[in-house]
Protein chains: 2
Amino acid sequence: MKKLFMEGKKSPYFKEIKSAIKNLDKSIEDFLAADNKLLNNAALHLHNSGGKRLRPGFIYLGGQFGDYDRDKLTPMAMAIEITHMATLVHDDVVDNADLRRGKPTVMSIWGNNVSVYAGNYLLAKALRLVSNYESDKINQTLANTALAMCRGEISQLRGKNILETDIDKYLLRIKGKTALLLAASCELGAYISGAEDHVVNALKNFGENLGMAFQITDDILDYSPEAEKFGKILGGDIREGTMTLPLIYTASQERYRQQLQVIWNKDSKSEEDVLEVIKIVKEAKGIDYARSIAGNYIKKAQDFLEETPEGEAQKAFKDIAKNMLDRQI
Amino acid sequence: MKKLFMEGKKSPYFKEIKSAIKNLDKSIEDFLAADNKLLNNAALHLHNSGGKRLRPGFIYLGGQFGDYDRDKLTPMAMAIEITHMATLVHDDVVDNADLRRGKPTVMSIWGNNVSVYAGNYLLAKALRLVSNYESDKINQTLANTALAMCRGEISQLRGKNILETDIDKYLLRIKGKTALLLAASCELGAYISGAEDHVVNALKNFGENLGMAFQITDDILDYSPEAEKFGKILGGDIREGTMTLPLIYTASQERYRQQLQVIWNKDSKSEEDVLEVIKIVKEAKGIDYARSIAGNYIKKAQDFLEETPEGEAQKAFKDIAKNMLDRQI
């Protein structure tokens, strides 16, 4: 995804987004730098750890369906990215994670206590930015999104270390974890630019479905030898006891469930265990299944795009969807 | 404080508040019960652990300076109390606390991970309630309050286990921890009821100063043999290495600082250490000093009350301030 926004495609739309995102990084740094030093160090550490700036990118792209005004979109792009950062900081506390994007987490450097408050501080900063829009629609959309995200987070918590076979629960989880904030990004970008209601709504649905596909694809990566190229660890989720779609599909088949259960019952999984799980999942066609589900979501996303006016902005989103389907992202 | 709202004073104002708070508890339970079971158990566990309902009480009382309408005030009273609950859940993670209000904390029962997300869920629920007011003034006030609270929290974090002598830092901390949410309660109660701007502002300042006095008084309790009567533990803060005003004042005096430093350097403090610190603080007149500072804040609060229209509502707030000065609260 990074590639798409950052490596200068020829379309003037992508050029503008590349430039907007570059400026956004500076704006976020300045905005966070005005406060407490410890907070800034923690927040900037995370901010500088990279990340795809996917959500701001979608806000700026969504904004091109109306009267595009970068300055009007930027506070929302900052707020959504800062909210995303906050969820990462809190996730690290919950996951007890030492590394994020290949770098030490806030939690591992400063401890749980700084992480909890740093996450809250980021949320409060985002709230402050959003309140400046003085828009009830925006406030309500974000409050609903936040609530649904929290439900997804909690649901993820309960699923850990249990050999789950409920695909609907997984889908609900990734909706909260990823899809809804992408949906809100597309929706609010278009809304702030004054796009028509039915376009705003179509983009919201586009973003949600693309977000589902994005998370499924991201989860599949864990089973791929290419994992490390994307800053992930082969079998990382398996090691942590996190069940994603390829594994859930496999576990839902009786003959594979028993094999998996033996490994899943262990307190800690060895390298061999992890490779064995990957082997079983491949045999059970778990990855193919997950890919087909991701494909369905992308098709749905593409259908919603058809409800938006034709033009360069639509084409840009179409390219993103197509690239995701081709798994070039 | 509980006494004031809950034990039926003769004034019809207190009767109405007592009744409003009783209904509020039911409303909060119903509002939280609609969601995920684990979340509800965690949230309701906290909600049922008691607490003074001080903030909702101030919202209803503030509301009596305008066109009092209980139904219009209740969503805000719920939002502020739920926000307060969220901060307690997160504080327990940071403090690694096993008990809160004499009962096991969410953290000790369900662990850090549930606590972090349960706190966020409560914040999102509060945000949802607030967004229904469709008021920019309310959104901005609460965003600013949230931000200042986060700054106070972080500042508290840095102060731990260091023999602090900076009284201003302490005051900033308790402002974020307690005073600002009480200020927002008075302010928004009056605002929602359509009280005049200068009254809204005077009540905000009243709430802030009363909140400062309230927290100082609460901190003094730690040094009092009466601590347990109020659900606290004698010397609890000392044991945790948390410095409050009586101790900070003592440590700022050269001859006492050295005695304290010896104890403060220890990894864990014995019962004798705690009693020794209390003895030193009493000798250094740390408690008298803290009381005088609390008294100054109450006087300031009383001055701000003079800027509000005379009547039963003003009298009710005056009684609260007076009782706090007399330390009957």
# chains A, B, ... in the order shown; residues from 1 in each chain; ligands from 1
>>> interface_residues(of="chain A", to="chain B", cutoff="8 Å", atoms="only C-alpha atoms", output="JSON, numbers by chain")
{"A": [36, 39, 90, 93, 94, 95, 112, 113, 114, 116, 117, 118, 120, 121, 124, 125, 127, 128, 131, 132, 134, 135, 136, 139, 140, 143, 144, 146, 147, 150, 151, 153, 154, 157]}
>>> residues_around(residues="Leu181 (chain B)", least_positions_apart="2", cutoff="9 Å", atoms="only C-alpha atoms", output="PyMOL selection string")
chain B and resi 55+80+84+142+145-146+149+175-179+183-186+207-208+211
>>> residues_around(residues="Ser252 (chain A)", least_positions_apart="5", cutoff="10 Å", atoms="only C-alpha atoms", output="PyMOL selection string")
chain A and resi 163-167+247+257
>>> write_last_selection(atoms="N, CA, C and O atoms", output="mmCIF file, in the first residue's frame")
data_model
loop_
_atom_site.group_PDB
_atom_site.id
_atom_site.type_symbol
_atom_site.label_atom_id
_atom_site.label_comp_id
_atom_site.auth_asym_id
_atom_site.auth_seq_id
_atom_site.Cartn_x
_atom_site.Cartn_y
_atom_site.Cartn_z
ATOM 1 N N LEU A 163 -9.017 -22.483 20.240
ATOM 2 C CA LEU A 163 -9.044 -22.934 18.853
ATOM 3 C C LEU A 163 -10.410 -22.572 18.275
ATOM 4 O O LEU A 163 -11.359 -23.350 18.342
ATOM 5 N N GLU A 164 -10.466 -21.376 17.734
ATOM 6 C CA GLU A 164 -11.747 -20.819 17.301
ATOM 7 C C GLU A 164 -12.133 -21.367 15.925
ATOM 8 O O GLU A 164 -11.288 -21.595 15.071
ATOM 9 N N THR A 165 -13.436 -21.546 15.725
ATOM 10 C CA THR A 165 -13.891 -22.024 14.416
ATOM 11 C C THR A 165 -15.002 -21.138 13.860
ATOM 12 O O THR A 165 -15.633 -21.466 12.870
ATOM 13 N N ASP A 166 -15.208 -20.007 14.514
ATOM 14 C CA ASP A 166 -16.321 -19.142 14.131
ATOM 15 C C ASP A 166 -15.835 -18.026 13.196
ATOM 16 O O ASP A 166 -15.228 -17.049 13.632
ATOM 17 N N ILE A 167 -16.111 -18.198 11.916
ATOM 18 C CA ILE A 167 -15.631 -17.237 10.928
ATOM 19 C C ILE A 167 -16.302 -15.869 11.097
ATOM 20 O O ILE A 167 -15.664 -14.825 10.942
ATOM 21 N N LEU A 247 -6.381 -20.124 9.423
ATOM 22 C CA LEU A 247 -6.358 -21.117 10.491
ATOM 23 C C LEU A 247 -7.770 -21.457 10.978
ATOM 24 O O LEU A 247 -8.079 -22.618 11.271
ATOM 25 N N ARG A 257 -8.884 -30.252 12.774
ATOM 26 C CA ARG A 257 -9.007 -29.636 14.096
ATOM 27 C C ARG A 257 -8.224 -30.422 15.150
ATOM 28 O O ARG A 257 -7.534 -29.836 15.982
#
>>> select_by_dssp(residues="region 88-304 of chain B", states="strand (DSSP E or B)", output="PyMOL selection string")
chain B and resi 99-100+103-104
>>> closest_residue(among="B:Ile287, B:Leu203, B:Leu275, B:Ile280", to="Ile216 (chain B)", atoms="only C-alpha atoms")
B:Ile287
>>> closest_residue(among="A:Val262, A:Ile192, A:Val277, A:Val89", to="Asp67 (chain A)", atoms="only C-alpha atoms")
A:Ile192
>>> residues_around(residues="Gly63 (chain A)", least_positions_apart="5", cutoff="10 Å", atoms="only C-alpha atoms", output="PDB file with C-alpha atoms, in the first residue's frame")
ATOM      1  CA  GLY A  57      -4.298   8.644   2.139  1.00  0.00           C
ATOM      2  CA  PHE A  58      -7.924   7.531   1.957  1.00  0.00           C
ATOM      3  CA  TYR A  68     -10.858  19.119  -2.798  1.00  0.00           C
ATOM      4  CA  ASP A  69      -9.145  21.401  -0.260  1.00  0.00           C
ATOM      5  CA  ARG A  70      -6.037  19.939   1.320  1.00  0.00           C
ATOM      6  CA  LYS A  72      -9.559  21.493   5.163  1.00  0.00           C
ATOM      7  CA  LEU A  73      -8.834  17.757   5.046  1.00  0.00           C
ATOM      8  CA  SER A 185     -11.553   7.830   6.309  1.00  0.00           C
ATOM      9  CA  CYS A 186     -13.159   7.502   2.870  1.00  0.00           C
ATOM     10  CA  GLU A 187     -16.501   8.733   4.162  1.00  0.00           C
ATOM     11  CA  LEU A 188     -15.255  11.784   6.038  1.00  0.00           C
ATOM     12  CA  GLY A 189     -12.786  12.810   3.341  1.00  0.00           C
ATOM     13  CA  ALA A 190     -15.667  12.939   0.877  1.00  0.00           C
ATOM     14  CA  TYR A 191     -18.026  14.530   3.412  1.00  0.00           C
ATOM     15  CA  ILE A 192     -15.627  17.328   4.352  1.00  0.00           C
ATOM     16  CA  SER A 193     -15.179  18.131   0.664  1.00  0.00           C
ATOM     17  CA  GLY A 194     -18.926  18.456   0.291  1.00  0.00           C
ATOM     18  CA  ALA A 195     -19.438  15.390  -1.922  1.00  0.00           C
ATOM     19  CA  VAL A 200     -20.222   9.767   0.668  1.00  0.00           C
ATOM     20  CA  ALA A 313     -10.509   9.997  -8.361  1.00  0.00           C
TER      21      ALA A 313
END
>>> residues_around(residues="Ser268 (chain A)", least_positions_apart="2", cutoff="8 Å", atoms="only C-alpha atoms", output="count of residues only")
3
>>> residues_around(residues="Gln259 (chain A)", least_positions_apart="6", cutoff="12 Å", atoms="only C-alpha atoms", output="list in words")
Leu163, Thr250, Ala251, Ser252, Gln253, Asn265, Asp273, Glu276, Val277, Ile278, Lys279, Ile280, Val281 and Ala284 of chain A
>>> write_last_selection(atoms="N, CA, C and O atoms", output="tab-separated table (two decimals), in the first residue's frame")
chain	number	residue	atom	x	y	z
A	163	LEU	N	-9.02	-22.48	20.24
A	163	LEU	CA	-9.04	-22.93	18.85
A	163	LEU	C	-10.41	-22.57	18.28
A	163	LEU	O	-11.36	-23.35	18.34
A	250	THR	N	-9.32	-23.79	8.61
A	250	THR	CA	-8.72	-25.12	8.78
A	250	THR	C	-9.29	-25.82	10.01
A	250	THR	O	-9.68	-27.00	9.96
A	251	ALA	N	-9.37	-25.08	11.10
A	251	ALA	CA	-9.84	-25.67	12.36
A	251	ALA	C	-11.32	-26.04	12.30
A	251	ALA	O	-11.79	-26.87	13.08
A	252	SER	N	-12.04	-25.42	11.35
A	252	SER	CA	-13.47	-25.73	11.26
A	252	SER	C	-13.69	-27.08	10.55
A	252	SER	O	-14.81	-27.58	10.50
A	253	GLN	N	-12.60	-27.66	10.03
A	253	GLN	CA	-12.72	-28.99	9.41
A	253	GLN	C	-12.27	-30.05	10.42
A	253	GLN	O	-11.13	-30.02	10.89
A	265	ASN	N	-2.82	-26.73	22.39
A	265	ASN	CA	-2.89	-26.94	23.85
A	265	ASN	C	-1.56	-26.64	24.55
A	265	ASN	O	-1.52	-26.47	25.76
A	273	ASP	N	6.48	-26.55	15.78
A	273	ASP	CA	5.02	-26.45	15.91
A	273	ASP	C	4.47	-25.46	14.91
A	273	ASP	O	3.46	-25.71	14.23
A	276	GLU	N	4.58	-26.74	11.47
A	276	GLU	CA	3.59	-27.81	11.33
A	276	GLU	C	2.19	-27.20	11.11
A	276	GLU	O	1.44	-27.66	10.24
A	277	VAL	N	1.87	-26.15	11.88
A	277	VAL	CA	0.57	-25.50	11.70
A	277	VAL	C	0.46	-24.93	10.29
A	277	VAL	O	-0.56	-25.11	9.61
A	278	ILE	N	1.51	-24.27	9.83
A	278	ILE	CA	1.49	-23.71	8.48
A	278	ILE	C	1.26	-24.81	7.44
A	278	ILE	O	0.47	-24.66	6.50
A	279	LYS	N	1.92	-25.94	7.65
A	279	LYS	CA	1.77	-27.08	6.73
A	279	LYS	C	0.32	-27.57	6.70
A	279	LYS	O	-0.26	-27.80	5.62
A	280	ILE	N	-0.25	-27.72	7.89
A	280	ILE	CA	-1.64	-28.20	7.98
A	280	ILE	C	-2.58	-27.22	7.28
A	280	ILE	O	-3.48	-27.61	6.52
A	281	VAL	N	-2.36	-25.91	7.53
A	281	VAL	CA	-3.24	-24.88	6.94
A	281	VAL	C	-3.16	-24.93	5.42
A	281	VAL	O	-4.18	-24.81	4.73
A	284	ALA	N	-5.03	-27.89	4.14
A	284	ALA	CA	-6.48	-27.72	4.27
A	284	ALA	C	-7.02	-26.63	3.35
A	284	ALA	O	-8.20	-26.30	3.40
>>> residues_around(residues="Asn296 (chain B)", least_positions_apart="4", cutoff="12 Å", atoms="only C-alpha atoms", output="PyMOL selection string")
chain B and resi 209-210+212-214+216+289-292+300-303+321+324-325
>>> select_by_dssp(residues="region 83-199 of chain A", states="alpha helix (DSSP H)", output="ChimeraX atom specification")
/A:83-95,106-110,112-131,136-159,167-174,180-192,197-199
